[in-house]
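**Student:** Below is the file my_file.cif, with mmCIF, C-alpha atoms.
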```
data_query
loop_
_atom_site.label_atom_id
_atom_site.label_comp_id
_atom_site.auth_asym_id
_atom_site.auth_seq_id
_atom_site.Cartn_x
_atom_site.Cartn_y
_atom_site.Cartn_z
CA MET A 1 3.04 109.35 -27.29
CA ARG A 2 5.19 110.17 -30.29
CA ASP A 3 3.02 113.16 -31.12
CA ALA A 4 3.40 114.55 -27.61
CA LEU A 5 7.15 115.04 -28.03
CA THR A 6 8.65 118.50 -28.22
CA PRO A 7 10.78 119.22 -31.31
CA LYS A 8 13.86 118.64 -29.18
CA GLY A 9 12.44 115.41 -27.79
CA ARG A 10 11.62 114.24 -31.28
CA ALA A 11 15.14 115.02 -32.44
CA THR A 12 16.59 112.98 -29.58
CA ARG A 13 14.28 110.10 -30.35
CA ASP A 14 15.24 110.24 -34.05
CA ARG A 15 18.91 110.25 -33.09
CA ILE A 16 18.43 107.12 -30.95
CA VAL A 17 16.58 105.36 -33.74
CA ALA A 18 19.25 106.22 -36.32
CA GLY A 19 22.00 105.08 -33.95
CA ALA A 20 20.15 101.88 -33.14
CA ALA A 21 19.70 101.20 -36.86
CA GLU A 22 23.46 101.53 -37.28
CA VAL A 23 24.29 99.09 -34.48
CA LEU A 24 21.64 96.65 -35.65
CA ARG A 25 23.01 96.69 -39.19
CA GLU A 26 26.52 96.07 -37.90
CA GLN A 27 25.84 93.44 -35.26
CA GLY A 28 22.57 91.87 -36.39
CA VAL A 29 19.30 92.00 -34.52
CA ALA A 30 19.89 88.81 -32.57
CA PHE A 31 23.21 90.02 -31.18
CA THR A 32 22.29 93.57 -30.22
CA THR A 33 21.27 94.54 -26.71
CA LEU A 34 19.73 97.73 -25.42
CA ASP A 35 23.07 98.40 -23.75
CA ASP A 36 24.74 98.39 -27.17
CA VAL A 37 22.22 100.97 -28.33
CA ARG A 38 22.75 103.08 -25.20
CA GLY A 39 26.50 102.91 -25.71
CA ARG A 40 26.32 103.99 -29.33
CA THR A 41 23.83 106.79 -28.79
CA GLY A 42 25.05 108.03 -25.40
CA THR A 43 21.66 107.48 -23.85
CA SER A 44 20.81 106.66 -20.26
CA LYS A 45 18.52 103.80 -19.30
CA SER A 46 15.82 106.17 -18.12
CA GLN A 47 16.09 108.22 -21.31
CA LEU A 48 15.70 105.10 -23.44
CA PHE A 49 12.69 104.07 -21.37
CA HIS A 50 11.24 107.56 -21.70
CA TYR A 51 11.26 107.37 -25.49
CA PHE A 52 10.55 103.65 -25.79
CA PRO A 53 8.43 102.64 -22.80
CA GLY A 54 7.57 99.40 -24.63
CA GLY A 55 11.22 98.35 -24.47
CA LYS A 56 13.26 96.61 -27.13
CA ASP A 57 10.28 95.66 -29.32
CA GLU A 58 9.09 99.23 -29.53
CA LEU A 59 12.59 100.40 -30.41
CA LEU A 60 12.91 97.67 -33.06
CA LEU A 61 9.62 98.71 -34.62
CA ALA A 62 10.79 102.32 -34.70
CA VAL A 63 13.99 101.18 -36.41
CA ALA A 64 11.92 99.13 -38.88
CA ARG A 65 9.95 102.27 -39.73
CA PHE A 66 13.25 104.11 -40.18
CA GLU A 67 14.63 101.36 -42.43
CA ALA A 68 11.41 101.35 -44.46
CA GLY A 69 11.87 105.06 -45.08
CA ARG A 70 15.42 104.35 -46.15
CA VAL A 71 14.25 101.87 -48.79
CA LEU A 72 12.50 104.72 -50.56
CA GLU A 73 15.19 107.32 -49.89
CA ASP A 74 17.78 105.06 -51.50
CA GLN A 75 15.78 105.28 -54.74
CA GLN A 76 15.77 109.06 -54.80
CA PRO A 77 15.90 111.44 -56.50
CA TYR A 78 14.69 109.25 -59.36
CA LEU A 79 11.71 107.59 -57.67
CA GLY A 80 10.19 110.97 -56.93
CA ARG A 81 10.63 112.28 -60.48
CA LEU A 82 9.79 109.51 -62.93
CA ASP A 83 8.69 111.88 -65.68
CA SER A 84 11.03 110.86 -68.51
CA TRP A 85 12.42 107.60 -69.92
CA GLU A 86 15.85 108.69 -68.67
CA ALA A 87 14.49 108.98 -65.11
CA TRP A 88 12.92 105.52 -65.33
CA ALA A 89 16.21 104.08 -66.61
CA SER A 90 18.18 105.73 -63.80
CA TRP A 91 15.68 104.52 -61.22
CA ARG A 92 15.99 101.00 -62.61
CA ASP A 93 19.79 101.15 -62.28
CA VAL A 94 19.63 102.44 -58.71
CA VAL A 95 17.25 99.69 -57.65
CA VAL A 96 19.36 96.95 -59.20
CA GLU A 97 22.55 98.35 -57.68
CA ARG A 98 21.00 98.80 -54.24
CA TYR A 99 19.76 95.25 -53.99
CA GLU A 100 22.81 93.67 -55.58
CA LEU A 101 24.93 95.43 -52.97
CA GLN A 102 22.59 94.40 -50.19
CA GLY A 103 22.77 90.77 -51.29
CA ASP A 104 20.98 88.43 -48.98
CA HIS A 105 21.08 90.77 -45.99
CA CYS A 106 17.84 92.68 -45.59
CA PRO A 107 17.81 94.88 -42.47
CA LEU A 108 14.04 95.31 -42.63
CA GLY A 109 13.42 91.58 -43.03
CA ALA A 110 15.75 90.79 -40.14
CA LEU A 111 13.86 93.20 -37.90
CA PHE A 112 10.50 91.68 -38.80
CA LEU A 113 11.88 88.23 -38.17
CA GLN A 114 12.74 89.37 -34.66
CA VAL A 115 9.65 91.41 -33.84
CA GLY A 116 7.28 89.03 -35.61
CA ARG A 117 6.08 89.93 -39.05
CA ASP A 118 2.48 89.18 -38.16
CA ARG A 119 2.30 91.79 -35.44
CA PRO A 120 0.02 94.69 -36.28
CA GLY A 121 2.93 97.11 -35.88
CA SER A 122 5.04 95.23 -38.42
CA ARG A 123 2.17 94.84 -40.83
CA ALA A 124 1.38 98.54 -40.68
CA ILE A 125 4.96 99.38 -41.64
CA VAL A 126 4.93 97.03 -44.64
CA VAL A 127 1.50 98.22 -45.78
CA GLU A 128 2.61 101.83 -45.54
CA LEU A 129 5.90 101.17 -47.35
CA MET A 130 4.13 99.37 -50.18
CA ARG A 131 1.50 102.14 -50.41
CA ARG A 132 4.06 104.93 -50.65
CA TRP A 133 6.30 103.02 -53.05
CA GLN A 134 3.38 102.26 -55.35
CA GLU A 135 2.18 105.85 -55.15
CA HIS A 136 5.56 107.05 -56.40
CA LEU A 137 5.46 104.61 -59.30
CA ALA A 138 1.85 105.44 -60.20
CA ARG A 139 2.69 109.14 -60.12
CA GLY A 140 5.57 108.37 -62.47
CA VAL A 141 3.30 106.57 -64.91
CA ARG A 142 0.85 109.47 -64.80
CA ALA A 143 3.72 111.90 -65.42
CA LEU A 144 4.60 109.96 -68.59
CA GLN A 145 0.95 110.14 -69.60
CA THR A 146 0.79 113.87 -68.95
CA GLY A 147 3.94 114.29 -71.03
CA GLY A 148 2.32 112.38 -73.88
CA LEU A 149 4.89 109.60 -73.61
CA VAL A 150 2.43 106.88 -72.61
CA ALA A 151 -1.14 106.28 -73.77
CA ALA A 152 -3.67 107.87 -71.45
CA ASP A 153 -5.77 104.71 -71.23
CA LEU A 154 -3.08 102.68 -69.45
CA ASP A 155 -4.17 101.89 -65.88
CA ALA A 156 -1.44 103.72 -63.93
CA GLU A 157 -2.36 102.21 -60.57
CA ARG A 158 -2.39 98.64 -61.83
CA THR A 159 0.82 99.14 -63.78
CA ALA A 160 2.49 100.50 -60.64
CA ALA A 161 1.18 97.59 -58.56
CA ALA A 162 2.52 95.08 -61.06
CA LEU A 163 5.90 96.78 -61.20
CA LEU A 164 6.11 96.87 -57.41
CA ALA A 165 5.25 93.17 -57.24
CA GLY A 166 7.98 92.46 -59.78
CA VAL A 167 10.55 94.38 -57.75
CA GLN A 168 9.51 92.64 -54.52
CA GLY A 169 9.65 89.23 -56.15
CA GLY A 170 12.91 90.01 -57.89
CA VAL A 171 14.48 91.05 -54.60
CA ALA A 172 13.11 87.96 -52.85
CA ILE A 173 14.57 85.68 -55.52
CA LEU A 174 17.87 87.60 -55.41
CA MET A 175 18.01 87.09 -51.65
CA ALA A 176 17.16 83.40 -51.95
CA THR A 177 19.38 82.51 -54.90
CA GLY A 178 21.98 85.28 -55.14
CA ASP A 179 20.95 85.97 -58.74
CA SER A 180 19.59 89.38 -59.77
CA ALA A 181 18.35 88.23 -63.18
CA HIS A 182 14.72 88.21 -62.07
CA LEU A 183 14.90 91.68 -60.58
CA ARG A 184 16.44 92.98 -63.80
CA ALA A 185 13.88 91.14 -65.91
CA ALA A 186 11.00 92.53 -63.84
CA LEU A 187 12.26 96.09 -64.13
CA ASP A 188 13.18 95.88 -67.80
CA THR A 189 9.97 94.15 -68.80
CA GLY A 190 7.91 96.58 -66.73
CA ILE A 191 9.52 99.60 -68.37
CA GLU A 192 9.25 97.95 -71.78
CA HIS A 193 5.55 97.46 -71.07
CA LEU A 194 5.27 101.21 -70.52
CA ARG A 195 7.17 101.93 -73.70
CA ARG A 196 4.93 99.63 -75.71
CA ALA A 197 1.95 101.51 -74.31
CA ALA A 198 3.57 104.57 -75.83
CA VAL A 199 3.96 103.35 -79.37
CA ASN A 200 0.48 101.87 -79.55
CA PRO A 201 -1.78 103.41 -82.11
CA PRO A 202 -4.52 105.58 -80.60
CA SER A 203 -7.57 103.55 -79.61
CA ARG A 204 -9.79 102.84 -82.54
CA GLU A 205 -12.83 104.96 -81.88
CA PRO A 206 -15.78 104.35 -84.14
CA THR A 207 -15.73 107.00 -86.83
CA SER A 208 -18.70 109.26 -87.07
CA CYS A 209 -19.30 108.21 -90.64
CA VAL A 210 -22.60 106.59 -91.43
CA PRO A 211 -22.31 104.21 -94.39
CA GLY A 212 -23.38 105.99 -97.52
CA THR A 213 -22.82 109.43 -96.02
CA PRO A 214 -19.79 111.28 -97.29
CA PRO A 215 -17.31 112.19 -94.55
CA PRO A 216 -17.72 115.76 -93.24
CA MET B 1 21.45 57.39 -49.86
CA ARG B 2 18.16 58.24 -51.51
CA ASP B 3 19.26 56.65 -54.74
CA ALA B 4 20.17 53.46 -52.97
CA LEU B 5 16.57 52.79 -51.94
CA THR B 6 14.62 49.94 -53.46
CA PRO B 7 11.32 50.87 -55.12
CA LYS B 8 9.54 49.64 -51.99
CA GLY B 9 11.86 51.60 -49.74
CA ARG B 10 11.33 54.69 -51.83
CA ALA B 11 7.56 54.26 -51.61
CA THR B 12 7.78 53.99 -47.83
CA ARG B 13 9.94 57.08 -47.65
CA ASP B 14 7.54 59.01 -49.88
CA ARG B 15 4.64 57.92 -47.66
CA ILE B 16 6.44 59.20 -44.57
CA VAL B 17 7.18 62.53 -46.25
CA ALA B 18 3.57 62.97 -47.41
CA GLY B 19 2.27 62.08 -43.94
CA ALA B 20 4.74 64.42 -42.28
CA ALA B 21 3.68 67.22 -44.63
CA GLU B 22 0.08 66.65 -43.54
CA VAL B 23 0.88 66.83 -39.81
CA LEU B 24 3.12 69.84 -40.32
CA ARG B 25 0.40 71.68 -42.21
CA GLU B 26 -2.10 70.93 -39.47
CA GLN B 27 0.01 71.58 -36.39
CA GLY B 28 2.69 73.96 -37.63
CA VAL B 29 6.39 73.22 -37.80
CA ALA B 30 7.15 74.53 -34.33
CA PHE B 31 4.59 72.27 -32.67
CA THR B 32 5.29 69.02 -34.48
CA THR B 33 7.55 66.33 -33.04
CA LEU B 34 9.00 63.26 -34.68
CA ASP B 35 6.60 61.26 -32.50
CA ASP B 36 3.67 63.05 -34.17
CA VAL B 37 5.07 62.03 -37.54
CA ARG B 38 5.59 58.44 -36.39
CA GLY B 39 2.04 58.32 -35.05
CA ARG B 40 0.53 59.62 -38.28
CA THR B 41 2.56 57.41 -40.58
CA GLY B 42 2.72 54.28 -38.46
CA THR B 43 6.48 54.28 -38.50
CA SER B 44 8.88 52.95 -35.89
CA LYS B 45 11.74 54.99 -34.51
CA SER B 46 14.32 52.82 -36.24
CA GLN B 47 12.42 53.02 -39.51
CA LEU B 48 12.35 56.80 -39.33
CA PHE B 49 16.04 56.84 -38.56
CA HIS B 50 16.70 54.48 -41.45
CA TYR B 51 15.10 56.84 -43.95
CA PHE B 52 16.19 60.08 -42.29
CA PRO B 53 19.48 59.45 -40.51
CA GLY B 54 19.93 63.22 -40.26
CA GLY B 55 16.90 63.43 -37.98
CA LYS B 56 14.22 66.10 -37.95
CA ASP B 57 16.10 68.57 -40.15
CA GLU B 58 16.56 66.01 -42.89
CA LEU B 59 12.88 65.11 -42.71
CA LEU B 60 11.88 68.78 -42.82
CA LEU B 61 14.02 69.36 -45.90
CA ALA B 62 12.40 66.36 -47.58
CA VAL B 63 8.97 67.80 -46.73
CA ALA B 64 10.09 71.19 -48.10
CA ARG B 65 11.04 69.49 -51.37
CA PHE B 66 7.63 67.80 -51.37
CA GLU B 67 5.84 71.11 -50.72
CA ALA B 68 7.86 72.79 -53.47
CA GLY B 69 6.63 70.15 -55.90
CA ARG B 70 3.10 70.82 -54.71
CA VAL B 71 3.44 74.52 -55.57
CA LEU B 72 3.82 73.55 -59.21
CA GLU B 73 1.30 70.68 -59.14
CA ASP B 74 -1.35 73.05 -57.82
CA GLN B 75 -0.96 75.07 -61.03
CA GLN B 76 -1.53 72.08 -63.28
CA PRO B 77 -2.73 71.19 -65.80
CA TYR B 78 -2.51 74.80 -67.01
CA LEU B 79 1.10 75.56 -66.12
CA GLY B 80 2.26 72.63 -68.24
CA ARG B 81 0.19 73.62 -71.26
CA LEU B 82 0.31 77.39 -71.71
CA ASP B 83 -0.22 77.26 -75.45
CA SER B 84 -3.35 79.41 -75.80
CA TRP B 85 -4.71 82.63 -74.30
CA GLU B 86 -7.39 80.53 -72.60
CA ALA B 87 -4.74 78.40 -70.90
CA TRP B 88 -2.93 81.51 -69.70
CA ALA B 89 -6.18 82.93 -68.33
CA SER B 90 -6.99 79.68 -66.52
CA TRP B 91 -3.50 79.51 -65.09
CA ARG B 92 -3.84 83.07 -63.87
CA ASP B 93 -7.12 82.19 -62.12
CA VAL B 94 -5.67 79.09 -60.48
CA VAL B 95 -2.68 81.01 -59.14
CA VAL B 96 -4.83 83.80 -57.71
CA GLU B 97 -7.24 81.32 -56.12
CA ARG B 98 -4.49 79.16 -54.67
CA TYR B 99 -2.73 82.03 -52.95
CA GLU B 100 -5.89 83.78 -51.83
CA LEU B 101 -6.95 80.53 -50.15
CA GLN B 102 -3.52 80.06 -48.62
CA GLY B 103 -3.61 83.58 -47.18
CA ASP B 104 -0.68 84.33 -44.97
CA HIS B 105 0.13 80.71 -44.25
CA CYS B 106 2.91 79.42 -46.45
CA PRO B 107 3.93 75.83 -45.61
CA LEU B 108 7.17 76.13 -47.55
CA GLY B 109 8.10 79.42 -45.90
CA ALA B 110 7.36 78.00 -42.46
CA LEU B 111 9.66 75.05 -43.13
CA PHE B 112 12.50 77.29 -44.29
CA LEU B 113 12.03 79.46 -41.24
CA GLN B 114 12.59 76.37 -39.11
CA VAL B 115 15.40 74.72 -41.07
CA GLY B 116 17.12 78.02 -41.89
CA ARG B 117 16.60 79.49 -45.31
CA ASP B 118 20.30 80.10 -45.77
CA ARG B 119 21.21 76.44 -45.50
CA PRO B 120 22.48 74.95 -48.74
CA GLY B 121 19.68 72.38 -48.65
CA SER B 122 17.00 75.07 -48.41
CA ARG B 123 18.61 77.20 -51.07
CA ALA B 124 18.84 74.28 -53.46
CA ILE B 125 15.10 73.66 -53.10
CA VAL B 126 14.21 77.30 -53.80
CA VAL B 127 16.61 77.53 -56.74
CA GLU B 128 15.20 74.34 -58.23
CA LEU B 129 11.59 75.46 -57.70
CA MET B 130 12.24 78.82 -59.38
CA ARG B 131 14.08 77.14 -62.23
CA ARG B 132 11.29 74.66 -62.96
CA TRP B 133 8.56 77.29 -62.55
CA GLN B 134 10.31 79.66 -64.93
CA GLU B 135 10.94 76.86 -67.40
CA HIS B 136 7.21 76.14 -67.54
CA LEU B 137 6.44 79.80 -68.16
CA ALA B 138 9.16 80.20 -70.79
CA ARG B 139 7.91 77.08 -72.54
CA GLY B 140 4.44 78.65 -72.50
CA VAL B 141 5.72 81.85 -74.09
CA ARG B 142 7.51 79.84 -76.75
CA ALA B 143 4.33 77.84 -77.39
CA LEU B 144 2.50 81.11 -78.06
CA GLN B 145 5.30 82.11 -80.41
CA THR B 146 5.17 78.78 -82.23
CA GLY B 147 1.41 79.20 -82.57
CA GLY B 148 1.93 82.63 -84.11
CA LEU B 149 0.16 84.33 -81.20
CA VAL B 150 3.18 86.25 -79.95
CA ALA B 151 5.96 87.92 -81.90
CA ALA B 152 8.98 85.68 -82.31
CA ASP B 153 11.42 88.37 -81.20
CA LEU B 154 10.05 88.54 -77.65
CA ASP B 155 12.65 87.25 -75.19
CA ALA B 156 10.79 84.24 -73.76
CA GLU B 157 13.25 83.60 -70.95
CA ARG B 158 13.25 87.19 -69.73
CA THR B 159 9.49 87.47 -70.01
CA ALA B 160 9.13 84.30 -67.95
CA ALA B 161 11.61 85.58 -65.34
CA ALA B 162 9.70 88.85 -65.03
CA LEU B 163 6.38 87.07 -64.69
CA LEU B 164 7.79 84.76 -62.06
CA ALA B 165 9.16 87.72 -60.12
CA GLY B 166 5.75 89.38 -60.30
CA VAL B 167 4.04 86.29 -58.94
CA GLN B 168 6.59 85.92 -56.13
CA GLY B 169 6.27 89.57 -55.17
CA GLY B 170 2.50 89.50 -55.48
CA VAL B 171 2.35 86.51 -53.14
CA ALA B 172 4.77 88.14 -50.70
CA ILE B 173 2.66 91.30 -50.59
CA LEU B 174 -0.53 89.23 -50.24
CA MET B 175 1.02 87.41 -47.28
CA ALA B 176 2.20 90.65 -45.69
CA THR B 177 -0.91 92.76 -46.27
CA GLY B 178 -3.75 90.32 -46.95
CA ASP B 179 -4.44 92.03 -50.28
CA SER B 180 -4.16 90.12 -53.56
CA ALA B 181 -4.34 93.23 -55.78
CA HIS B 182 -0.61 93.12 -56.53
CA LEU B 183 -0.65 89.45 -57.46
CA ARG B 184 -3.58 90.09 -59.79
CA ALA B 185 -1.91 93.16 -61.25
CA ALA B 186 1.33 91.27 -61.87
CA LEU B 187 -0.44 88.41 -63.62
CA ASP B 188 -2.78 90.60 -65.64
CA THR B 189 -0.08 93.04 -66.68
CA GLY B 190 2.26 90.18 -67.53
CA ILE B 191 -0.31 88.52 -69.76
CA GLU B 192 -1.26 91.88 -71.26
CA HIS B 193 2.42 92.39 -72.05
CA LEU B 194 2.36 89.12 -73.98
CA ARG B 195 -0.81 90.16 -75.80
CA ARG B 196 0.70 93.47 -76.78
CA ALA B 197 3.66 91.61 -78.18
CA ALA B 198 1.12 89.79 -80.33
CA VAL B 199 -0.54 92.78 -81.92
CA ASN B 200 2.72 94.49 -82.79
CA PRO B 201 3.28 95.00 -86.47
CA PRO B 202 5.82 92.59 -87.96
CA SER B 203 9.36 93.90 -87.75
CA ARG B 204 10.09 96.41 -90.44
CA GLU B 205 12.49 94.62 -92.70
CA PRO B 206 14.13 96.77 -95.32
CA THR B 207 12.28 96.24 -98.57
CA SER B 208 14.22 95.00 -101.52
CA CYS B 209 13.22 98.06 -103.54
CA VAL B 210 15.97 100.31 -104.75
CA PRO B 211 14.82 103.91 -105.10
CA GLY B 212 13.88 104.56 -108.63
CA THR B 213 13.35 100.90 -109.40
CA PRO B 214 9.75 99.83 -109.84
CA PRO B 215 8.64 97.15 -107.35
CA PRO B 216 8.90 93.62 -108.79
#
```
Represent the structure of the file as structure tokens.
**Tutor:**
Amino acid sequence: MRDALTPKGRATRDRIVAGAAEVLREQGVAFTTLDDVRGRTGTSKSQLFHYFPGGKDELLLAVARFEAGRVLEDQQPYLGRLDSWEAWASWRDVVVERYELQGDHCPLGALFLQVGRDRPGSRAIVVELMRRWQEHLARGVRALQTGGLVAADLDAERTAAALLAGVQGGVAILMATGDSAHLRAALDTGIEHLRRAAVNPPSREPTSCVPGTPPP
Amino acid sequence: MRDALTPKGRATRDRIVAGAAEVLREQGVAFTTLDDVRGRTGTSKSQLFHYFPGGKDELLLAVARFEAGRVLEDQQPYLGRLDSWEAWASWRDVVVERYELQGDHCPLGALFLQVGRDRPGSRAIVVELMRRWQEHLARGVRALQTGGLVAADLDAERTAAALLAGVQGGVAILMATGDSAHLRAALDTGIEHLRRAAVNPPSREPTSCVPGTPPP
């Protein structure tokens, strides 16, 4: 259905989703009605039904997708350009600042709590967010490798997965305890891990010398 | 009130909590009544009220504390004795296996969802669990340092915090996506980080040689 929209229809739908995200952030998922969303976005009942025939749950899922996109946008431009140590350091700062500001209020988590995090629609959004996030990080590791800053034999995908896990866990602990020490530790240790991979001596390949033969 | 219990009273209370944890795991928090708990543990209404005057919520918090203890117990004996690379590897395997088996069902998370994760009682349990978990890991890093396996200048506390964040995030992603790759990556990269700290050359202390003076 989403693909069938005209450019204008898509723009309207996007506007409703952005407006709904705003209201939901302000009022909380549990206290927001479709009427609130209509009021904020100047949308009629039939219009809302046209774009979200599945009702509130479909709208909430669309907002969750929007909020998931925002998670990555908030880390730009650094996340998309992790090709120097400076960029990694700036990215680290942005992530810490974003989640310290957010505190224990996670718009995406609140939406999933309402829609049901086990629903296929919710799962798909999380899977996609994790995939894209990790892809950015892996691309960053490979950029360091291309630039000769990190040893080529480091597994970029696994390093990115570990870093992503550390960020997720750090944020979860921050939300549960109010302390960002774990998030900072995960980021700093992850970047330090990359840096150590840089200063490592090149892998010890067996020399071509045969004992007794003089080197070429 | 808990401190005022006699040893026998405490044993009875512990038995109720363990029995309640069993029923809750089997039936789910939302579908378990106090009558179910009484039935399983052979407890009268007045007995239950005696030990949990706060009612169901107080019992659920006690079960949450019990389940939190179980999280650490399930990682023993390795978590308590991380003094060799073999112990770290075994611990890693136990953690992966435990959470792969658990899949997307987290007894502790389900309890917090019911009791309210923002309640001071819930928070205290999470904070305490994270603190003890991290303490085990930091002690393990220090044991490696004492054994000369890891450089002494590695920040044990920060390394432990990062590793804990990685495990938490890895488990969260496993629960959300069904894929344990991130948990494995976090553990493997974390342990690799420790190993790299081992093979580092000793810190370059300034030699005592003065230019022009022959070495002693």
**Student:** Work out how far atom CA of A:Arg70 is from atom CA of A:Thr41, in Å to one decimal.
**Tutor:** 19.4 Å
**Student:** I need the residue set behind the PyMOL selection byres ((chain A) within 9 of (chain B)) for this file; please write it as a ChimeraX atom specification.
**Tutor:** /A:104,117-118,123-124,126-127,130,158-173,176-177,181-190,192-193,196-197,200
**Student:** Pick out the residues sitting within 12 Å of stretch 43-46 of chain B, and hand them over as a ChimeraX atom specification; count all atoms listed in the file, and ignore anything fewer than 2 positions along from it in its own chain.
**Tutor:** /B:12-13,15-17,19-20,34-41,48-53,55-56
**Student:** With C-alpha atoms retained, write the just-selected residues as a PDB file, keeping the file's coordinate frame.
**Tutor:**
```pdb
ATOM      1  CA  THR B  12       7.780  53.990 -47.830  1.00  0.00           C
ATOM      2  CA  ARG B  13       9.940  57.080 -47.650  1.00  0.00           C
ATOM      3  CA  ARG B  15       4.640  57.920 -47.660  1.00  0.00           C
ATOM      4  CA  ILE B  16       6.440  59.200 -44.570  1.00  0.00           C
ATOM      5  CA  VAL B  17       7.180  62.530 -46.250  1.00  0.00           C
ATOM      6  CA  GLY B  19       2.270  62.080 -43.940  1.00  0.00           C
ATOM      7  CA  ALA B  20       4.740  64.420 -42.280  1.00  0.00           C
ATOM      8  CA  LEU B  34       9.000  63.260 -34.680  1.00  0.00           C
ATOM      9  CA  ASP B  35       6.600  61.260 -32.500  1.00  0.00           C
ATOM     10  CA  ASP B  36       3.670  63.050 -34.170  1.00  0.00           C
ATOM     11  CA  VAL B  37       5.070  62.030 -37.540  1.00  0.00           C
ATOM     12  CA  ARG B  38       5.590  58.440 -36.390  1.00  0.00           C
ATOM     13  CA  GLY B  39       2.040  58.320 -35.050  1.00  0.00           C
ATOM     14  CA  ARG B  40       0.530  59.620 -38.280  1.00  0.00           C
ATOM     15  CA  THR B  41       2.560  57.410 -40.580  1.00  0.00           C
ATOM     16  CA  LEU B  48      12.350  56.800 -39.330  1.00  0.00           C
ATOM     17  CA  PHE B  49      16.040  56.840 -38.560  1.00  0.00           C
ATOM     18  CA  HIS B  50      16.700  54.480 -41.450  1.00  0.00           C
ATOM     19  CA  TYR B  51      15.100  56.840 -43.950  1.00  0.00           C
ATOM     20  CA  PHE B  52      16.190  60.080 -42.290  1.00  0.00           C
ATOM     21  CA  PRO B  53      19.480  59.450 -40.510  1.00  0.00           C
ATOM     22  CA  GLY B  55      16.900  63.430 -37.980  1.00  0.00           C
ATOM     23  CA  LYS B  56      14.220  66.100 -37.950  1.00  0.00           C
TER      24      LYS B  56
END
```
**Student:** So how many Å separate atom CA of A:Arg139 and atom CA of B:Ser180, to one decimal?
**Tutor:**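 Those two atoms sit 21.3 Å apart.
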**Student:** I'd like to see the residues matched by the PyMOL selection byres ((chain B and resi 90-95) around 8) on this file, and ideally I'd get them as an NGL selection string.
**Tutor:** :B and (74-76 or 78-79 or 82 or 86-89 or 96-99 or 187-188)
**Student:** Could you tell me which residues the PyMOL selection byres ((chain A and resi 110) around 12) grabs in this file, written as a short mmCIF file (atom, residue, chain, number, x, y, z; two decimals) with C-alpha atoms, in the frame of the given file?
**Tutor:**
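Output (expr.cif):
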```
data_model
loop_
_atom_site.label_atom_id
_atom_site.label_comp_id
_atom_site.auth_asym_id
_atom_site.auth_seq_id
_atom_site.Cartn_x
_atom_site.Cartn_y
_atom_site.Cartn_z
CA ALA A 21 19.70 101.20 -36.86
CA LEU A 24 21.64 96.65 -35.65
CA ARG A 25 23.01 96.69 -39.19
CA GLN A 27 25.84 93.44 -35.26
CA GLY A 28 22.57 91.87 -36.39
CA VAL A 29 19.30 92.00 -34.52
CA ALA A 30 19.89 88.81 -32.57
CA PHE A 31 23.21 90.02 -31.18
CA LEU A 60 12.91 97.67 -33.06
CA LEU A 61 9.62 98.71 -34.62
CA VAL A 63 13.99 101.18 -36.41
CA ALA A 64 11.92 99.13 -38.88
CA GLU A 67 14.63 101.36 -42.43
CA ASP A 104 20.98 88.43 -48.98
CA HIS A 105 21.08 90.77 -45.99
CA CYS A 106 17.84 92.68 -45.59
CA PRO A 107 17.81 94.88 -42.47
CA LEU A 108 14.04 95.31 -42.63
CA GLY A 109 13.42 91.58 -43.03
CA LEU A 111 13.86 93.20 -37.90
CA PHE A 112 10.50 91.68 -38.80
CA LEU A 113 11.88 88.23 -38.17
CA GLN A 114 12.74 89.37 -34.66
CA VAL A 115 9.65 91.41 -33.84
CA GLY A 116 7.28 89.03 -35.61
CA ARG A 117 6.08 89.93 -39.05
CA SER A 122 5.04 95.23 -38.42
CA LEU B 113 12.03 79.46 -41.24
#
```
**Student:** Would you compute the distance between atom CA of B:Ala156 and atom CA of A:Gly148? Give it in Å to one decimal.
**Tutor:**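 Calculated distance between atom CA of B:Ala156 and atom CA of A:Gly148 is 29.4 Å.
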**Student:** Could you pull the residues within 10 Å of A:Ala152, counting only C-alpha atoms, minus those fewer than 2 positions along the same chain, as a ChimeraX atom specification?
**Tutor:** /A:141-142,144-150,154-156,197-198,202
**Student:** Taking only C-alpha atoms into account, name the residue in B:Gly121, B:Gly42, B:Gly140, B:Gly9 that is nearest to B:Trp85.
**Tutor:** B:Gly140
